[in-house]
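Please read the structure below before turning to the comments.
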Amino acid sequence: MRTGGSRFRPDESRVHGQPFNQNDRQPQNPVPVHGPQDHVQSSIMPMQPVAMPDLPMHGGQVRAVMQHFPNAPAPYVDLSTGISPFAYPFTVPEADIFSRLPERDEEWALRQAAAQAYGVSSPDMVVSGAGSQSLIALLPFILPAQRVCLLGPTYSGHAQAWQGNTVPLTQVQNPDALHAAATHRGTVCVVCNPNNPDGRLLSAAWLTDLADVCASHGSYLVVDEAFADFCEDSVAHLLPHPALIILRSFGKTYGLPGVRLGFLLADGDFAARFRAALGSWPVGSIGLAVGQQALQDTAWRQHVRQQVFDAHTRLLRVLDAAGLSCVGQAPLFTLVNTVYAADLWRHLCQHGIVTRIFSDQPGRLRIGLPGNDVAWARLEDALAHWQSRTPDIESRDRD
């Protein structure tokens with residue numbers, strides 16, 4: 001193990017037979033984007049329905065998926081998560097951090113770095129935790145909600161967090177319906193921006209208005225900005241705001257999901273209550289050290305931002321060449337709309353490529369960014385075989 005100033009590049013640790021992680025795309029106009037519906041000409045017979053195996057709840061569970069495809073080539077290419085394939089090359093901390101408890105000033109330094117990176121004025125408005133999912137799970141125990149309204153379809157973790165409570169939960173698909181829900185006192189409005197999985201991006205101006213409506217009616221707005229680091233529509237600059245709570249993911253942007261690090265941003269009083277509920281040592285020593293390094297490295301983040309946009313542009317070009325329609329404005333992934341989503345998912349799995357299929361959203365397939373030449377070649381080859389297997393696929397999806 002390299003320690004004390006040595007530079008760790010995560011790609012160096014990958015060995016034959018182990019999965020890759022990847023995804024990308026550059027945002028356009030910050031308005032709601034709704035994916036087009038697929039239409040199939042009546043004269044064209046669809047493929048036979050594809051039997052789907054039991055799938056993991058989230059992306060990234062590559063071994064659980066690929067056990068159903070024992071003849072697929074390795075190493076597997078994981079395009080299922082929306083995690084950046086460009087991992088931060090952190091310096092491995094000294095080994096003694098593992099033999100002592102984290103210090104309070106280390107956690108403070110991490111929150112200070114996060115405040116600067118996310119554009120809030122004080123570390124007092126930052127809560128650090130073991131991934132944003134752990135913070136989402138705790139929200140129902142901190143927020144005084146009478147009802148919850150989600151703008152969906154969206155990341156399932158939010159609904160799962162609230163379903164264990166007695167609070168009524170509804171999901172709307174029209175942003176105006178969420179705006180109306182905010183006028184009912186005690187409503188917790190939840191928005192993912194950019195949204196997962198369709199990449200819909202709402203403008204900061206629209207979210208600012210919604211936050212103000214929530215504040216004037218005794219409601220709250222939770223904005224999950226897990227994929228927002230490469231976008232321009234964060235509302236973190238509004239803090240402190242009496243109704244606004246923001247979630248940020250570290251692992252997606254920095255390509256280090258195994259560090260398990262995430263942040264909640266809110267006004268100082270709410271953040272203090274949340275930290276008290278989390279208790280001591282909410283983040284482990286690796287998360288404290290690596291998180292502070294990465295968050296302070298603005299030059300690296302700007303460089304990777306361009307890499308992500310370039311990779312996203314290439315991904316859209318590759319999918320378009322295969323006759324597949326894509327939607328969304330999220331830089332780290334794109335969403336394919338096709339009536340053949342299940343068949344395409346299985347086809348890619350058979351070529352050793354894992355993408356994200358949704359049992360409750362038929363016709364949708366989320367695809368992240370390949371991160372190296374091997375992954376790009378595998379994807380391009382698989383899509384070429386897909387086209388040869390389904391010569392009419394372009395006309396079917398675009399008619």
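Every chain in the structure tokens has a letter given in the order shown (A, B, ...), and although residue numbers restart at 1 in each chain, ligands are simply numbered from 1 in the order shown.
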- request: List the neighbours of A:Tyr118 out to 8 Å using only C-alpha atoms; skip same-chain residues closer than 3 positions along the sequence, and give me the result as a list of chain:residue names.
  value: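 Everything that qualifies: A:Ala114, A:Ala115, A:Ala236.
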- prompt: Got a sec: who's within 10 Å of A:Trp300, counting only C-alpha atoms, leaving out chain neighbours fewer than 5 positions off, as a list in words?
  reply: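 My reading of the contact set: Tyr88, Pro89, Tyr254, Ala294, Leu295 and Arg305 of chain A.
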Test item: residues at most 8 Å from A:Gly157, only C-alpha atoms, excluding those fewer than 2 positions along its chain, as a ChimeraX atom specification: /A:133,136-137,155,159-161
Using the selection just defined, write its residues with N, CA, C and O atoms as an mmCIF file, in the first residue's frame.
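Dumped to out.cif:
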```cif
data_model
loop_
_atom_site.group_PDB
_atom_site.id
_atom_site.type_symbol
_atom_site.label_atom_id
_atom_site.label_comp_id
_atom_site.auth_asym_id
_atom_site.auth_seq_id
_atom_site.Cartn_x
_atom_site.Cartn_y
_atom_site.Cartn_z
ATOM 1 N N GLN A 133 -27.119 9.004 0.084
ATOM 2 C CA GLN A 133 -28.226 8.090 0.366
ATOM 3 C C GLN A 133 -28.479 7.981 1.870
ATOM 4 O O GLN A 133 -29.634 7.910 2.311
ATOM 5 N N ILE A 136 -30.441 11.043 2.800
ATOM 6 C CA ILE A 136 -31.824 10.936 2.333
ATOM 7 C C ILE A 136 -32.642 10.083 3.296
ATOM 8 O O ILE A 136 -33.783 10.412 3.643
ATOM 9 N N ALA A 137 -32.055 8.983 3.751
ATOM 10 C CA ALA A 137 -32.765 8.062 4.637
ATOM 11 C C ALA A 137 -33.106 8.692 5.979
ATOM 12 O O ALA A 137 -34.095 8.302 6.632
ATOM 13 N N TYR A 155 -35.347 9.272 -8.832
ATOM 14 C CA TYR A 155 -34.535 8.342 -8.045
ATOM 15 C C TYR A 155 -35.388 7.690 -6.958
ATOM 16 O O TYR A 155 -36.008 8.385 -6.148
ATOM 17 N N ALA A 159 -38.507 8.013 -2.439
ATOM 18 C CA ALA A 159 -39.774 7.383 -2.086
ATOM 19 C C ALA A 159 -39.573 6.305 -1.026
ATOM 20 O O ALA A 159 -40.353 6.187 -0.075
ATOM 21 N N GLN A 160 -38.540 5.518 -1.168
ATOM 22 C CA GLN A 160 -38.270 4.458 -0.200
ATOM 23 C C GLN A 160 -38.024 5.019 1.194
ATOM 24 O O GLN A 160 -38.433 4.437 2.194
ATOM 25 N N ALA A 161 -37.366 6.172 1.266
ATOM 26 C CA ALA A 161 -37.081 6.780 2.569
ATOM 27 C C ALA A 161 -38.357 7.222 3.274
ATOM 28 O O ALA A 161 -38.476 7.079 4.498
#
```
field: In stretch 99-154 of chain A, DSSP strand (DSSP E) residues written as a PyMOL selection string
entry: chain A and resi 126-129+147-151
Selection from above, all heavy atoms, as a PDB file, in the first residue's frame, can you write it?
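File produced: out_37.pdb:
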```pdb
ATOM      1  N   VAL A 126     -23.261  23.045   6.349  1.00  0.00           N
ATOM      2  CA  VAL A 126     -22.893  21.791   5.681  1.00  0.00           C
ATOM      3  C   VAL A 126     -22.981  20.633   6.667  1.00  0.00           C
ATOM      4  O   VAL A 126     -22.484  20.712   7.787  1.00  0.00           O
ATOM      5  CB  VAL A 126     -21.463  21.871   5.106  1.00  0.00           C
ATOM      6  CG1 VAL A 126     -21.074  20.550   4.457  1.00  0.00           C
ATOM      7  CG2 VAL A 126     -21.350  23.019   4.109  1.00  0.00           C
ATOM      8  N   VAL A 127     -23.612  19.556   6.232  1.00  0.00           N
ATOM      9  CA  VAL A 127     -23.634  18.292   6.974  1.00  0.00           C
ATOM     10  C   VAL A 127     -22.930  17.257   6.099  1.00  0.00           C
ATOM     11  O   VAL A 127     -23.251  17.103   4.921  1.00  0.00           O
ATOM     12  CB  VAL A 127     -25.076  17.828   7.248  1.00  0.00           C
ATOM     13  CG1 VAL A 127     -25.070  16.498   8.020  1.00  0.00           C
ATOM     14  CG2 VAL A 127     -25.849  18.896   8.012  1.00  0.00           C
ATOM     15  N   SER A 128     -21.972  16.565   6.661  1.00  0.00           N
ATOM     16  CA  SER A 128     -21.270  15.509   5.929  1.00  0.00           C
ATOM     17  C   SER A 128     -21.747  14.153   6.425  1.00  0.00           C
ATOM     18  O   SER A 128     -22.045  13.975   7.615  1.00  0.00           O
ATOM     19  CB  SER A 128     -19.758  15.627   6.100  1.00  0.00           C
ATOM     20  OG  SER A 128     -19.403  15.605   7.477  1.00  0.00           O
ATOM     21  N   GLY A 129     -21.829  13.198   5.497  1.00  0.00           N
ATOM     22  CA  GLY A 129     -22.285  11.870   5.865  1.00  0.00           C
ATOM     23  C   GLY A 129     -21.705  10.814   4.950  1.00  0.00           C
ATOM     24  O   GLY A 129     -21.001  11.120   3.982  1.00  0.00           O
ATOM     25  N   ARG A 147     -47.090  15.920   4.488  1.00  0.00           N
ATOM     26  CA  ARG A 147     -47.240  15.179   3.228  1.00  0.00           C
ATOM     27  C   ARG A 147     -45.963  15.378   2.427  1.00  0.00           C
ATOM     28  O   ARG A 147     -45.226  16.337   2.657  1.00  0.00           O
ATOM     29  CB  ARG A 147     -48.470  15.648   2.438  1.00  0.00           C
ATOM     30  CG  ARG A 147     -48.393  17.051   1.948  1.00  0.00           C
ATOM     31  CD  ARG A 147     -49.720  17.567   1.420  1.00  0.00           C
ATOM     32  NE  ARG A 147     -50.732  17.584   2.471  1.00  0.00           N
ATOM     33  CZ  ARG A 147     -50.834  18.583   3.368  1.00  0.00           C
ATOM     34  NH1 ARG A 147     -49.970  19.591   3.333  1.00  0.00           N
ATOM     35  NH2 ARG A 147     -51.753  18.547   4.283  1.00  0.00           N
ATOM     36  N   VAL A 148     -45.718  14.478   1.470  1.00  0.00           N
ATOM     37  CA  VAL A 148     -44.531  14.554   0.621  1.00  0.00           C
ATOM     38  C   VAL A 148     -44.976  14.465  -0.828  1.00  0.00           C
ATOM     39  O   VAL A 148     -45.836  13.647  -1.182  1.00  0.00           O
ATOM     40  CB  VAL A 148     -43.538  13.412   0.929  1.00  0.00           C
ATOM     41  CG1 VAL A 148     -42.341  13.455  -0.018  1.00  0.00           C
ATOM     42  CG2 VAL A 148     -43.070  13.501   2.376  1.00  0.00           C
ATOM     43  N   CYS A 149     -44.395  15.314  -1.672  1.00  0.00           N
ATOM     44  CA  CYS A 149     -44.704  15.307  -3.094  1.00  0.00           C
ATOM     45  C   CYS A 149     -43.408  15.234  -3.883  1.00  0.00           C
ATOM     46  O   CYS A 149     -42.535  16.101  -3.748  1.00  0.00           O
ATOM     47  CB  CYS A 149     -45.496  16.552  -3.482  1.00  0.00           C
ATOM     48  SG  CYS A 149     -46.085  16.530  -5.192  1.00  0.00           S
ATOM     49  N   LEU A 150     -43.249  14.191  -4.697  1.00  0.00           N
ATOM     50  CA  LEU A 150     -42.060  13.988  -5.516  1.00  0.00           C
ATOM     51  C   LEU A 150     -42.351  14.392  -6.957  1.00  0.00           C
ATOM     52  O   LEU A 150     -43.422  14.099  -7.485  1.00  0.00           O
ATOM     53  CB  LEU A 150     -41.637  12.516  -5.507  1.00  0.00           C
ATOM     54  CG  LEU A 150     -41.447  11.816  -4.158  1.00  0.00           C
ATOM     55  CD1 LEU A 150     -41.138  10.342  -4.402  1.00  0.00           C
ATOM     56  CD2 LEU A 150     -40.336  12.459  -3.373  1.00  0.00           C
ATOM     57  N   LEU A 151     -41.375  15.024  -7.596  1.00  0.00           N
ATOM     58  CA  LEU A 151     -41.459  15.267  -9.033  1.00  0.00           C
ATOM     59  C   LEU A 151     -40.794  14.085  -9.719  1.00  0.00           C
ATOM     60  O   LEU A 151     -39.571  13.899  -9.642  1.00  0.00           O
ATOM     61  CB  LEU A 151     -40.760  16.585  -9.392  1.00  0.00           C
ATOM     62  CG  LEU A 151     -40.827  16.979 -10.877  1.00  0.00           C
ATOM     63  CD1 LEU A 151     -42.279  17.112 -11.350  1.00  0.00           C
ATOM     64  CD2 LEU A 151     -40.066  18.284 -11.121  1.00  0.00           C
TER      65      LEU A 151
END
```
field: atom CA of A:Asp212 to atom CA of A:His179, distance in Å rounded to a single decimal
entry: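 Here the two named atoms are 10.5 Å from each other.
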Would you list the contacts of A:Phe250 as a compact mmCIF listing (two decimals) with all heavy atoms, in the first residue's frame, taking every protein, DNA or RNA residue within 10 Å and counting only C-alpha atoms, but skipping same-chain residues closer than 4 positions in sequence?
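Wrote it out as around_31.txt, contents follow:
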```
# COMPACT_ATOMS: atom_id res chain seq x y z
N ILE A 83 -21.92 7.33 -12.59
CA ILE A 83 -20.72 7.76 -11.88
C ILE A 83 -19.65 8.13 -12.90
O ILE A 83 -19.48 7.44 -13.90
CB ILE A 83 -20.21 6.65 -10.95
CG1 ILE A 83 -21.23 6.41 -9.83
CG2 ILE A 83 -18.84 7.00 -10.36
CD1 ILE A 83 -20.99 5.14 -9.07
N ALA A 114 -16.14 21.63 1.51
CA ALA A 114 -17.42 21.43 0.82
C ALA A 114 -18.16 22.76 0.66
O ALA A 114 -18.76 23.02 -0.40
CB ALA A 114 -18.28 20.43 1.59
N ALA A 130 -22.02 9.57 5.24
CA ALA A 130 -21.48 8.44 4.49
C ALA A 130 -22.30 8.21 3.22
O ALA A 130 -23.00 7.21 3.07
CB ALA A 130 -21.46 7.18 5.35
N GLY A 131 -22.22 9.17 2.30
CA GLY A 131 -22.98 9.11 1.05
C GLY A 131 -24.30 9.84 1.18
O GLY A 131 -24.91 9.88 2.25
N SER A 132 -24.76 10.44 0.09
CA SER A 132 -26.01 11.20 0.15
C SER A 132 -27.20 10.29 0.43
O SER A 132 -28.21 10.74 1.00
CB SER A 132 -26.22 11.98 -1.15
OG SER A 132 -26.23 11.13 -2.28
N ALA A 226 -27.40 15.56 -6.86
CA ALA A 226 -26.37 14.53 -6.93
C ALA A 226 -25.56 14.60 -8.22
O ALA A 226 -24.37 14.26 -8.23
CB ALA A 226 -27.01 13.14 -6.79
N PHE A 227 -26.20 15.04 -9.31
CA PHE A 227 -25.52 15.09 -10.62
C PHE A 227 -25.28 16.53 -11.08
O PHE A 227 -25.13 16.78 -12.28
CB PHE A 227 -26.34 14.33 -11.66
CG PHE A 227 -26.42 12.85 -11.43
CD1 PHE A 227 -27.52 12.28 -10.82
CD2 PHE A 227 -25.38 12.02 -11.82
CE1 PHE A 227 -27.59 10.91 -10.60
CE2 PHE A 227 -25.43 10.65 -11.61
CZ PHE A 227 -26.54 10.09 -11.00
N ASP A 229 -22.82 18.83 -10.28
CA ASP A 229 -21.51 19.48 -10.24
C ASP A 229 -21.05 20.01 -11.59
O ASP A 229 -20.27 20.97 -11.64
CB ASP A 229 -20.45 18.52 -9.68
CG ASP A 229 -20.49 18.43 -8.16
OD1 ASP A 229 -21.29 19.16 -7.56
OD2 ASP A 229 -19.74 17.62 -7.60
N TYR A 254 -16.50 12.70 -8.55
CA TYR A 254 -15.08 12.40 -8.41
C TYR A 254 -14.75 10.95 -8.74
O TYR A 254 -13.59 10.52 -8.61
CB TYR A 254 -14.60 12.76 -7.00
CG TYR A 254 -14.68 14.26 -6.76
CD1 TYR A 254 -15.82 14.84 -6.21
CD2 TYR A 254 -13.64 15.09 -7.15
CE1 TYR A 254 -15.91 16.22 -6.02
CE2 TYR A 254 -13.71 16.46 -6.97
CZ TYR A 254 -14.85 17.01 -6.42
OH TYR A 254 -14.93 18.39 -6.25
N GLY A 255 -15.75 10.19 -9.19
CA GLY A 255 -15.50 8.82 -9.61
C GLY A 255 -15.03 7.91 -8.50
O GLY A 255 -14.34 6.92 -8.75
N LEU A 256 -15.44 8.20 -7.25
CA LEU A 256 -14.98 7.44 -6.08
C LEU A 256 -16.17 7.04 -5.21
O LEU A 256 -16.25 7.41 -4.03
CB LEU A 256 -13.98 8.28 -5.26
CG LEU A 256 -12.70 8.71 -5.98
CD1 LEU A 256 -11.91 9.70 -5.11
CD2 LEU A 256 -11.83 7.49 -6.30
N PRO A 257 -17.12 6.27 -5.74
CA PRO A 257 -18.31 5.93 -4.95
C PRO A 257 -18.01 5.09 -3.72
O PRO A 257 -18.75 5.12 -2.75
CB PRO A 257 -19.18 5.17 -5.95
CG PRO A 257 -18.21 4.60 -6.95
CD PRO A 257 -17.15 5.65 -7.08
N VAL A 259 -15.80 5.56 -1.57
CA VAL A 259 -15.43 6.39 -0.41
C VAL A 259 -16.64 6.61 0.49
O VAL A 259 -16.49 6.83 1.70
CB VAL A 259 -14.84 7.74 -0.89
CG1 VAL A 259 -14.64 8.71 0.26
CG2 VAL A 259 -13.51 7.50 -1.61
N ARG A 260 -17.85 6.55 -0.09
CA ARG A 260 -19.11 6.78 0.62
C ARG A 260 -19.08 8.13 1.33
O ARG A 260 -18.87 8.23 2.54
CB ARG A 260 -19.41 5.66 1.63
CG ARG A 260 -19.49 4.27 1.06
CD ARG A 260 -20.34 4.15 -0.19
NE ARG A 260 -21.70 4.65 -0.02
CZ ARG A 260 -22.36 5.38 -0.93
NH1 ARG A 260 -21.78 5.72 -2.07
NH2 ARG A 260 -23.58 5.78 -0.68
N LEU A 261 -19.30 9.17 0.55
CA LEU A 261 -19.28 10.53 1.07
C LEU A 261 -20.35 11.36 0.37
O LEU A 261 -20.48 11.31 -0.85
CB LEU A 261 -17.90 11.16 0.85
CG LEU A 261 -17.70 12.59 1.38
CD1 LEU A 261 -17.87 12.64 2.90
CD2 LEU A 261 -16.31 13.10 0.99
N GLY A 262 -21.12 12.09 1.14
CA GLY A 262 -22.13 12.98 0.59
C GLY A 262 -22.38 14.12 1.55
O GLY A 262 -21.93 14.10 2.71
N PHE A 263 -23.16 15.11 1.09
CA PHE A 263 -23.37 16.32 1.88
C PHE A 263 -24.82 16.78 1.80
O PHE A 263 -25.48 16.62 0.78
CB PHE A 263 -22.45 17.45 1.39
CG PHE A 263 -20.99 17.12 1.48
CD1 PHE A 263 -20.33 16.57 0.40
CD2 PHE A 263 -20.29 17.33 2.66
CE1 PHE A 263 -18.98 16.26 0.47
CE2 PHE A 263 -18.94 17.00 2.75
CZ PHE A 263 -18.29 16.47 1.66
N GLY A 287 -12.77 9.02 3.97
CA GLY A 287 -13.66 10.04 3.43
C GLY A 287 -13.22 11.45 3.79
O GLY A 287 -13.29 12.36 2.96
N GLY A 291 -11.89 13.36 0.63
CA GLY A 291 -12.87 14.38 0.32
C GLY A 291 -12.29 15.78 0.37
O GLY A 291 -12.54 16.60 -0.53
N ALA A 294 -9.97 16.35 -2.75
CA ALA A 294 -10.66 16.49 -4.02
C ALA A 294 -11.47 17.77 -4.11
O ALA A 294 -11.46 18.46 -5.14
CB ALA A 294 -11.56 15.27 -4.24
N LEU A 295 -12.19 18.09 -3.06
CA LEU A 295 -13.05 19.28 -3.08
C LEU A 295 -12.25 20.57 -3.23
O LEU A 295 -12.74 21.56 -3.79
CB LEU A 295 -13.90 19.33 -1.81
CG LEU A 295 -15.00 18.28 -1.72
CD1 LEU A 295 -15.56 18.21 -0.31
CD2 LEU A 295 -16.11 18.56 -2.72
```
